[in-house]
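**Student:** Please find one structure pasted underneath; my questions will follow.
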Amino acid sequence: MNWDDLRYLLVLGRALHLARAAKALGVDQSTVRRRLDALETALGGALVDRRREGWRLTALGERVVTHAVRLEAEIAEMSRLASASDDCPEGEVVLTAGEVVMAELVVPYLADFGALFPEIRLDLRASNQVLDLARGEADLAVRIVRPAELALVARQVGSLGFALYASPRYLASHGRPSPAGDLHGHRIVTFDRSLAGSPEAKWLAARAAPSDIVARSSSPFAMIAAVRAGLGIGAIACAFVHGDPTLVRVSQPRELPERPIWLVGHPTSLHASRVRAVWEHLVRAFEGDGPRLRGYEENR
């Protein structure tokens, strides 16, 4: 049996869709079929029930996937142990964060990192999808949601303050909201259902009528752009738009709930000097930037 064929089954078992599995693996659909056929021949049984409405794991497929998940974790652990054995800070470090957190916070903090550690290469994966550090999808992550994985090391490195923002054009037409935070009658820009559970979105929903919401987005970048364009008022992290002349802050950050900023890593990965160098650099950067992150430096 080709052990690498198990990887194809794992991805297919998670995607349950041939095209999505092929895209995730970076191959064409015929390759996925061929590798799956080879694995079924080697094991002597059907692993997938191929239906028109989608693919489903058979009972044998589910049992094989259960073992393959454990094998995947062991392989990832061996890889981390091997990479952790070097004492020199060189090589690649995979760092992940949400798109706006990566662009507005993490990348600026790394401006002088290359001069300090010229032998370290950074793979910056900006994605709103949470990558699995336990499976080796990344070495470090910056998150604004507390990680639930018990196997990971998590350190709170700061708090992200939020405030209400609007464009000068919007304020000229609609005026400022009341200091009491009553937003009824104002036009509101917020997140769609995918992010409606965020503290700032809940805060907005409690102070505005559903009819006041004029735009929703799953992207923080798009939401900020909508507020900047004058569509309405939005709750934005102060650090994301610090110093932006196209936006006016119309509330104080302490009125809205803050969100903790977590730096997360796998304990084995942190033994590698290159990963530890990135971790320590980001800890210093975040913890040294506390007032700006909370929005207290801005007074407009």
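Chain labels follow the order of the structure tokens: the first chain is A, the next B, and so on; residue numbering restarts at 1 in every chain, and ligands are counted from 1 in their shown order.
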Got a sec to tell me which of segment 40-254 of chain A DSSP assigns to helix (DSSP H, G or I), as a PyMOL selection string?

**Tutor:** chain A and resi 40-43+59-84+99-109+113-116+168-174+193-195+199-205+210-212+220-228+238-240+253-254

**Student:** Set the distance at 8 Å and use only C-alpha atoms: which residues neighbour segment 219-235 of chain A once local chain neighbours fewer than 2 positions away are removed? I'd like the list as a list in words.

**Tutor:**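 Once the nearby chain positions are removed, what remains is Val100, Phe162, Ala163, Leu164, Tyr165, Ala166, Ser167, Pro168, Arg169, Tyr170, His186, Arg187, Ile188, Val189, Thr190, Phe191, Glu200, Ala201, Leu204, Val214, Ala215, Arg216, Ser217, Ala237, Thr246 and Leu247 of chain A.
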
**Student:** For the residues in the current selection, export N, CA, C and O atoms as a short mmCIF file (atom, residue, chain, number, x, y, z; two decimals), in the first residue's frame.

**Tutor:**
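The new file result-v5.cif reads:
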```cif
data_model
loop_
_atom_site.label_atom_id
_atom_site.label_comp_id
_atom_site.auth_asym_id
_atom_site.auth_seq_id
_atom_site.Cartn_x
_atom_site.Cartn_y
_atom_site.Cartn_z
N VAL A 100 -7.62 40.72 7.68
CA VAL A 100 -7.41 42.10 8.12
C VAL A 100 -6.41 42.16 9.27
O VAL A 100 -5.62 43.10 9.37
N PHE A 162 -12.69 48.41 19.88
CA PHE A 162 -13.58 48.75 18.77
C PHE A 162 -14.29 50.07 19.07
O PHE A 162 -14.51 50.43 20.22
N ALA A 163 -14.64 50.77 18.00
CA ALA A 163 -15.41 52.00 18.12
C ALA A 163 -16.28 52.14 16.87
O ALA A 163 -16.11 51.43 15.88
N LEU A 164 -17.24 53.05 16.95
CA LEU A 164 -18.07 53.34 15.79
C LEU A 164 -17.37 54.35 14.89
O LEU A 164 -16.81 55.34 15.38
N TYR A 165 -17.42 54.09 13.58
CA TYR A 165 -16.80 54.98 12.61
C TYR A 165 -17.81 55.30 11.51
O TYR A 165 -18.71 54.51 11.19
N ALA A 166 -17.63 56.46 10.92
CA ALA A 166 -18.43 56.88 9.76
C ALA A 166 -17.57 57.79 8.90
O ALA A 166 -16.55 58.32 9.34
N SER A 167 -18.00 57.99 7.68
CA SER A 167 -17.28 58.90 6.79
C SER A 167 -17.77 60.32 7.01
O SER A 167 -18.91 60.54 7.46
N PRO A 168 -16.95 61.33 6.70
CA PRO A 168 -17.42 62.72 6.80
C PRO A 168 -18.66 62.96 5.93
O PRO A 168 -19.55 63.72 6.32
N ARG A 169 -18.71 62.30 4.80
CA ARG A 169 -19.87 62.45 3.91
C ARG A 169 -21.15 61.96 4.59
O ARG A 169 -22.20 62.62 4.52
N TYR A 170 -21.06 60.81 5.24
CA TYR A 170 -22.25 60.28 5.93
C TYR A 170 -22.68 61.23 7.05
O TYR A 170 -23.87 61.53 7.21
N HIS A 186 -30.24 55.56 12.26
CA HIS A 186 -28.99 55.64 11.50
C HIS A 186 -28.86 54.43 10.58
O HIS A 186 -29.46 53.38 10.81
N ARG A 187 -28.05 54.58 9.55
CA ARG A 187 -27.80 53.50 8.61
C ARG A 187 -26.59 52.71 9.12
O ARG A 187 -25.54 53.29 9.41
N ILE A 188 -26.75 51.40 9.22
CA ILE A 188 -25.75 50.55 9.86
C ILE A 188 -25.13 49.59 8.84
O ILE A 188 -25.83 48.96 8.05
N VAL A 189 -23.81 49.47 8.92
CA VAL A 189 -23.05 48.49 8.13
C VAL A 189 -22.47 47.48 9.12
O VAL A 189 -21.83 47.86 10.10
N THR A 190 -22.70 46.19 8.88
CA THR A 190 -22.24 45.17 9.83
C THR A 190 -21.88 43.90 9.09
O THR A 190 -21.78 43.87 7.87
N PHE A 191 -21.68 42.82 9.86
CA PHE A 191 -21.29 41.54 9.28
C PHE A 191 -22.52 40.71 8.94
O PHE A 191 -23.61 40.91 9.49
N GLU A 200 -18.73 42.74 18.68
CA GLU A 200 -19.09 44.06 18.16
C GLU A 200 -20.37 44.01 17.33
O GLU A 200 -21.18 44.95 17.34
N ALA A 201 -20.58 42.89 16.59
CA ALA A 201 -21.82 42.75 15.82
C ALA A 201 -23.02 42.61 16.76
O ALA A 201 -24.09 43.17 16.49
N LEU A 204 -23.89 46.05 18.16
CA LEU A 204 -24.64 46.84 17.17
C LEU A 204 -26.09 46.39 17.09
O LEU A 204 -27.01 47.21 17.05
N VAL A 214 -28.20 48.46 6.46
CA VAL A 214 -28.27 48.69 5.01
C VAL A 214 -27.25 47.86 4.24
O VAL A 214 -27.33 47.75 3.02
N ALA A 215 -26.26 47.28 4.94
CA ALA A 215 -25.25 46.47 4.26
C ALA A 215 -24.65 45.47 5.24
O ALA A 215 -24.41 45.80 6.41
N ARG A 216 -24.42 44.26 4.74
CA ARG A 216 -23.76 43.22 5.51
C ARG A 216 -22.62 42.64 4.67
O ARG A 216 -22.69 42.64 3.43
N SER A 217 -21.60 42.14 5.32
CA SER A 217 -20.49 41.52 4.58
C SER A 217 -19.82 40.46 5.43
O SER A 217 -19.79 40.56 6.66
N ALA A 237 -12.40 47.80 14.46
CA ALA A 237 -11.27 47.80 15.38
C ALA A 237 -10.44 49.06 15.15
O ALA A 237 -10.05 49.37 14.02
N THR A 246 -10.06 59.28 6.11
CA THR A 246 -11.37 59.14 5.45
C THR A 246 -12.45 58.68 6.41
O THR A 246 -13.61 58.53 6.01
N LEU A 247 -12.09 58.43 7.68
CA LEU A 247 -13.05 57.96 8.67
C LEU A 247 -13.00 58.83 9.91
O LEU A 247 -11.95 59.33 10.29
#
```

**Student:** Taking only C-alpha atoms into account, name the residue in A:Arg284, A:Arg143, A:Arg135, A:His174 that is nearest to Ile261 of chain A.

**Tutor:**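 Of the candidates, the smallest distance to Ile261 of chain A is held by A:Arg143.
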
**Student:** Work out how far atom CA of His67 of chain A is from atom CA of Thr96 of chain A, in Å to one decimal.

**Tutor:**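 Computed distance, atom CA of Thr96 of chain A to atom CA of His67 of chain A, equals 27.6 Å.
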
**Student:** Neighbouring residues of segment 251-256 of chain A were defined as those with any atom within 12 Å, considering only C-alpha atoms; residues of the same chain fewer than 3 positions away were excluded. Please report them as a ChimeraX atom specification.

**Tutor:** /A:159-166,176-183,198-204,206-207,233-239,248,259,291-300

**Student:** For those residues, write N, CA and C atoms to a file as a short mmCIF file (atom, residue, chain, number, x, y, z; two decimals), in the first residue's frame.

**Tutor:**
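Wrote part.cif, looks like this:
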```cif
data_model
loop_
_atom_site.label_atom_id
_atom_site.label_comp_id
_atom_site.auth_asym_id
_atom_site.auth_seq_id
_atom_site.Cartn_x
_atom_site.Cartn_y
_atom_site.Cartn_z
N SER A 159 -5.32 43.40 23.67
CA SER A 159 -6.77 43.48 23.50
C SER A 159 -7.05 44.44 22.36
N LEU A 160 -8.04 44.09 21.55
CA LEU A 160 -8.39 44.88 20.38
C LEU A 160 -9.64 45.70 20.69
N GLY A 161 -9.49 47.02 20.71
CA GLY A 161 -10.61 47.90 20.99
C GLY A 161 -11.39 48.25 19.74
N PHE A 162 -12.69 48.41 19.88
CA PHE A 162 -13.58 48.75 18.77
C PHE A 162 -14.29 50.07 19.07
N ALA A 163 -14.64 50.77 18.00
CA ALA A 163 -15.41 52.00 18.12
C ALA A 163 -16.28 52.14 16.87
N LEU A 164 -17.24 53.05 16.95
CA LEU A 164 -18.07 53.34 15.79
C LEU A 164 -17.37 54.35 14.89
N TYR A 165 -17.42 54.09 13.58
CA TYR A 165 -16.80 54.98 12.61
C TYR A 165 -17.81 55.30 11.51
N ALA A 166 -17.63 56.46 10.92
CA ALA A 166 -18.43 56.88 9.76
C ALA A 166 -17.57 57.79 8.90
N ARG A 176 -24.27 62.89 13.78
CA ARG A 176 -23.63 61.90 14.65
C ARG A 176 -24.68 61.16 15.46
N PRO A 177 -24.37 59.89 15.85
CA PRO A 177 -25.29 59.18 16.75
C PRO A 177 -25.26 59.80 18.14
N SER A 178 -26.28 59.52 18.92
CA SER A 178 -26.35 60.09 20.26
C SER A 178 -25.26 59.51 21.15
N PRO A 179 -24.76 60.27 22.12
CA PRO A 179 -23.72 59.74 23.02
C PRO A 179 -24.17 58.51 23.80
N ALA A 180 -25.49 58.34 23.95
CA ALA A 180 -25.99 57.19 24.71
C ALA A 180 -25.88 55.89 23.93
N GLY A 181 -25.48 55.97 22.66
CA GLY A 181 -25.31 54.75 21.87
C GLY A 181 -26.56 54.28 21.17
N ASP A 182 -27.61 55.11 21.16
CA ASP A 182 -28.84 54.74 20.46
C ASP A 182 -28.63 54.99 18.96
N LEU A 183 -28.69 53.92 18.17
CA LEU A 183 -28.41 54.03 16.75
C LEU A 183 -29.66 53.98 15.89
N SER A 198 -19.90 37.82 16.55
CA SER A 198 -18.79 38.57 17.12
C SER A 198 -19.33 39.59 18.12
N PRO A 199 -18.55 39.92 19.15
CA PRO A 199 -19.05 40.84 20.19
C PRO A 199 -19.48 42.19 19.64
N GLU A 200 -18.73 42.74 18.68
CA GLU A 200 -19.09 44.06 18.16
C GLU A 200 -20.37 44.01 17.33
N ALA A 201 -20.58 42.89 16.59
CA ALA A 201 -21.82 42.75 15.82
C ALA A 201 -23.02 42.61 16.76
N LYS A 202 -22.87 41.88 17.85
CA LYS A 202 -23.96 41.75 18.83
C LYS A 202 -24.26 43.11 19.48
N TRP A 203 -23.22 43.87 19.77
CA TRP A 203 -23.40 45.19 20.37
C TRP A 203 -24.22 46.08 19.44
N LEU A 204 -23.89 46.05 18.16
CA LEU A 204 -24.64 46.84 17.17
C LEU A 204 -26.09 46.39 17.09
N ALA A 206 -27.94 45.11 19.24
CA ALA A 206 -28.74 45.46 20.42
C ALA A 206 -29.13 46.94 20.42
N ARG A 207 -28.53 47.73 19.55
CA ARG A 207 -28.75 49.18 19.58
C ARG A 207 -29.33 49.74 18.28
N ILE A 233 -22.77 53.68 9.33
CA ILE A 233 -21.89 53.59 10.49
C ILE A 233 -21.53 52.13 10.73
N GLY A 234 -20.28 51.86 11.10
CA GLY A 234 -19.86 50.51 11.39
C GLY A 234 -18.98 50.44 12.62
N ALA A 235 -18.95 49.27 13.27
CA ALA A 235 -18.06 49.02 14.41
C ALA A 235 -16.78 48.42 13.88
N ILE A 236 -15.67 49.14 14.04
CA ILE A 236 -14.39 48.74 13.45
C ILE A 236 -13.32 48.75 14.54
N ALA A 237 -12.40 47.80 14.46
CA ALA A 237 -11.27 47.80 15.38
C ALA A 237 -10.44 49.06 15.15
N CYS A 238 -10.19 49.81 16.21
CA CYS A 238 -9.51 51.10 16.09
C CYS A 238 -8.14 50.97 15.41
N ALA A 239 -7.42 49.90 15.72
CA ALA A 239 -6.08 49.74 15.15
C ALA A 239 -6.11 49.49 13.66
N VAL A 248 -14.16 58.97 10.55
CA VAL A 248 -14.27 59.73 11.79
C VAL A 248 -14.81 58.81 12.87
N ARG A 259 -11.85 42.70 22.20
CA ARG A 259 -11.59 41.30 21.86
C ARG A 259 -10.15 40.98 22.18
N PRO A 291 -1.80 50.56 23.95
CA PRO A 291 -2.75 51.68 23.85
C PRO A 291 -3.32 51.86 22.45
N ARG A 292 -2.50 51.71 21.42
CA ARG A 292 -3.02 51.87 20.05
C ARG A 292 -3.99 50.75 19.71
N LEU A 293 -3.67 49.51 20.12
CA LEU A 293 -4.56 48.39 19.84
C LEU A 293 -5.92 48.58 20.49
N ARG A 294 -5.96 49.16 21.65
CA ARG A 294 -7.23 49.37 22.36
C ARG A 294 -7.93 50.65 21.89
N GLY A 295 -7.25 51.45 21.08
CA GLY A 295 -7.87 52.66 20.55
C GLY A 295 -7.73 53.87 21.43
N TYR A 296 -6.89 53.81 22.44
CA TYR A 296 -6.79 54.91 23.40
C TYR A 296 -5.87 56.02 22.89
N GLU A 297 -5.04 55.76 21.88
CA GLU A 297 -4.15 56.80 21.36
C GLU A 297 -4.88 57.77 20.44
N GLU A 298 -6.02 57.31 19.92
CA GLU A 298 -6.76 58.11 18.96
C GLU A 298 -7.83 58.92 19.68
N ASN A 299 -7.89 60.17 19.43
CA ASN A 299 -8.89 61.03 20.09
C ASN A 299 -9.45 62.01 19.07
N ARG A 300 -10.41 61.49 18.29
CA ARG A 300 -11.01 62.33 17.24
C ARG A 300 -12.52 62.38 17.43
#
```

**Student:** List the spatial neighbours of Gly45 of chain A as a list of chain:residue names - criterion: any atom at most 10 Å away, only C-alpha atoms, same-chain residues fewer than 5 positions off excluded.

**Tutor:**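 Surrounding residues, per the criterion: A:Asp37, A:Leu39, A:Glu40, A:Thr58, A:Leu60, A:Gly61.
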
**Student:** For the atom pair atom CA of Glu104 of chain A and atom CA of His242 of chain A, what is the interatomic distance in Å to one decimal place?

**Tutor:** 9.6 Å

**Student:** Could you work out how far atom CA of Ala103 of chain A lies from atom CA of Val157 of chain A, giving the answer in Å with one decimal?

**Tutor:** 17.5 Å

**Student:** Can you list, as a VMD selection string, every protein, DNA or RNA residue that comes within 9 Å of Asp123 of chain A when you count only C-alpha atoms, leaving out same-chain residues fewer than 4 positions away?

**Tutor:** chain A and resid 92 to 96 138

**Student:** With distances taken over only C-alpha atoms, which of A:Val11, A:Leu282, A:Leu16, A:Val69 is nearest to Gly54 of chain A?

**Tutor:**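 Checking each of A:Val11, A:Leu282, A:Leu16, A:Val69 against Gly54 of chain A, counting only C-alpha atoms, the winner is A:Leu16.
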
**Student:** If we count only C-alpha atoms and set the cut-off at 8 Å, which residues sit around Gly265 of chain A, ignoring sequence neighbours fewer than 3 positions away in its own chain? Please answer as a PDB file with N, CA and C atoms, in the first residue's frame.

**Tutor:**
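Once written, out_25.pdb looks like this:
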```pdb
ATOM      1  N   LEU A 133      -3.228  23.934  13.691  1.00  0.00           N
ATOM      2  CA  LEU A 133      -1.812  23.886  14.077  1.00  0.00           C
ATOM      3  C   LEU A 133      -1.415  22.499  14.543  1.00  0.00           C
ATOM      4  N   ASP A 139       2.694  27.011  11.769  1.00  0.00           N
ATOM      5  CA  ASP A 139       3.516  26.958  12.979  1.00  0.00           C
ATOM      6  C   ASP A 139       2.944  27.847  14.080  1.00  0.00           C
ATOM      7  N   LEU A 140       2.485  29.038  13.687  1.00  0.00           N
ATOM      8  CA  LEU A 140       1.957  30.004  14.642  1.00  0.00           C
ATOM      9  C   LEU A 140       0.689  30.629  14.077  1.00  0.00           C
ATOM     10  N   ALA A 141      -0.149  31.120  14.974  1.00  0.00           N
ATOM     11  CA  ALA A 141      -1.375  31.789  14.551  1.00  0.00           C
ATOM     12  C   ALA A 141      -1.626  32.980  15.461  1.00  0.00           C
ATOM     13  N   LEU A 152      -2.525  23.088  22.349  1.00  0.00           N
ATOM     14  CA  LEU A 152      -1.766  24.236  21.875  1.00  0.00           C
ATOM     15  C   LEU A 152      -1.369  25.159  23.020  1.00  0.00           C
ATOM     16  N   VAL A 153      -0.307  25.926  22.791  1.00  0.00           N
ATOM     17  CA  VAL A 153       0.112  26.971  23.712  1.00  0.00           C
ATOM     18  C   VAL A 153      -0.506  28.286  23.236  1.00  0.00           C
ATOM     19  N   ALA A 154      -1.197  28.988  24.114  1.00  0.00           N
ATOM     20  CA  ALA A 154      -1.838  30.251  23.749  1.00  0.00           C
ATOM     21  C   ALA A 154      -1.460  31.317  24.766  1.00  0.00           C
ATOM     22  N   SER A 269       6.583  22.726  18.116  1.00  0.00           N
ATOM     23  CA  SER A 269       7.093  23.695  17.147  1.00  0.00           C
ATOM     24  C   SER A 269       7.879  24.799  17.834  1.00  0.00           C
ATOM     25  N   LEU A 270       7.448  25.177  19.030  1.00  0.00           N
ATOM     26  CA  LEU A 270       8.100  26.285  19.725  1.00  0.00           C
ATOM     27  C   LEU A 270       9.505  25.936  20.203  1.00  0.00           C
TER      28      LEU A 270
END
```

**Student:** Write out as a ChimeraX atom specification the set of residues from segment 97-273 of chain A that DSSP, computed on the backbone, places in strand (DSSP E).

**Tutor:** /A:97,120-126,140-143,153-160,162-166,188-191,213-217,234-237,248-249,259-265

**Student:** Using C-alpha atoms, can you write the selected residues to a file as a PDB file, in the first residue's frame?

**Tutor:**
```
ATOM      1  CA  ALA A  97      -4.053  35.127  10.830  1.00  0.00           C
ATOM      2  CA  ILE A 120      14.186  33.004   8.362  1.00  0.00           C
ATOM      3  CA  ARG A 121      11.597  32.894   5.573  1.00  0.00           C
ATOM      4  CA  LEU A 122       8.025  33.790   6.467  1.00  0.00           C
ATOM      5  CA  ASP A 123       5.003  32.135   4.874  1.00  0.00           C
ATOM      6  CA  LEU A 124       2.170  34.535   5.745  1.00  0.00           C
ATOM      7  CA  ARG A 125      -1.172  32.780   5.310  1.00  0.00           C
ATOM      8  CA  ALA A 126      -3.897  35.392   5.541  1.00  0.00           C
ATOM      9  CA  LEU A 140       1.957  30.004  14.642  1.00  0.00           C
ATOM     10  CA  ALA A 141      -1.375  31.789  14.551  1.00  0.00           C
ATOM     11  CA  VAL A 142      -2.681  35.169  15.651  1.00  0.00           C
ATOM     12  CA  ARG A 143      -6.351  34.892  16.620  1.00  0.00           C
ATOM     13  CA  VAL A 153       0.112  26.971  23.712  1.00  0.00           C
ATOM     14  CA  ALA A 154      -1.838  30.251  23.749  1.00  0.00           C
ATOM     15  CA  ARG A 155      -0.741  33.603  25.125  1.00  0.00           C
ATOM     16  CA  GLN A 156      -2.896  36.716  25.246  1.00  0.00           C
ATOM     17  CA  VAL A 157      -0.701  39.488  23.870  1.00  0.00           C
ATOM     18  CA  GLY A 158      -3.191  42.330  23.879  1.00  0.00           C
ATOM     19  CA  SER A 159      -6.772  43.484  23.495  1.00  0.00           C
ATOM     20  CA  LEU A 160      -8.388  44.885  20.382  1.00  0.00           C
ATOM     21  CA  PHE A 162     -13.579  48.750  18.771  1.00  0.00           C
ATOM     22  CA  ALA A 163     -15.409  51.999  18.115  1.00  0.00           C
ATOM     23  CA  LEU A 164     -18.074  53.337  15.790  1.00  0.00           C
ATOM     24  CA  TYR A 165     -16.804  54.978  12.606  1.00  0.00           C
ATOM     25  CA  ALA A 166     -18.430  56.876   9.764  1.00  0.00           C
ATOM     26  CA  ILE A 188     -25.747  50.549   9.859  1.00  0.00           C
ATOM     27  CA  VAL A 189     -23.050  48.486   8.135  1.00  0.00           C
ATOM     28  CA  THR A 190     -22.241  45.174   9.831  1.00  0.00           C
ATOM     29  CA  PHE A 191     -21.292  41.542   9.279  1.00  0.00           C
ATOM     30  CA  ILE A 213     -29.011  47.687   8.599  1.00  0.00           C
ATOM     31  CA  VAL A 214     -28.267  48.688   5.008  1.00  0.00           C
ATOM     32  CA  ALA A 215     -25.248  46.470   4.256  1.00  0.00           C
ATOM     33  CA  ARG A 216     -23.760  43.217   5.505  1.00  0.00           C
ATOM     34  CA  SER A 217     -20.488  41.524   4.583  1.00  0.00           C
ATOM     35  CA  GLY A 234     -19.859  50.506  11.394  1.00  0.00           C
ATOM     36  CA  ALA A 235     -18.063  49.017  14.414  1.00  0.00           C
ATOM     37  CA  ILE A 236     -14.390  48.744  13.448  1.00  0.00           C
ATOM     38  CA  ALA A 237     -11.265  47.803  15.378  1.00  0.00           C
ATOM     39  CA  VAL A 248     -14.269  59.735  11.788  1.00  0.00           C
ATOM     40  CA  ARG A 249     -14.643  57.973  15.109  1.00  0.00           C
ATOM     41  CA  ARG A 259     -11.594  41.298  21.862  1.00  0.00           C
ATOM     42  CA  PRO A 260      -8.490  39.510  23.203  1.00  0.00           C
ATOM     43  CA  ILE A 261      -5.582  38.938  20.838  1.00  0.00           C
ATOM     44  CA  TRP A 262      -4.027  35.477  21.144  1.00  0.00           C
ATOM     45  CA  LEU A 263      -0.697  34.241  19.866  1.00  0.00           C
ATOM     46  CA  VAL A 264      -0.983  30.477  19.415  1.00  0.00           C
ATOM     47  CA  GLY A 265       1.565  27.758  18.694  1.00  0.00           C
TER      48      GLY A 265
END
```
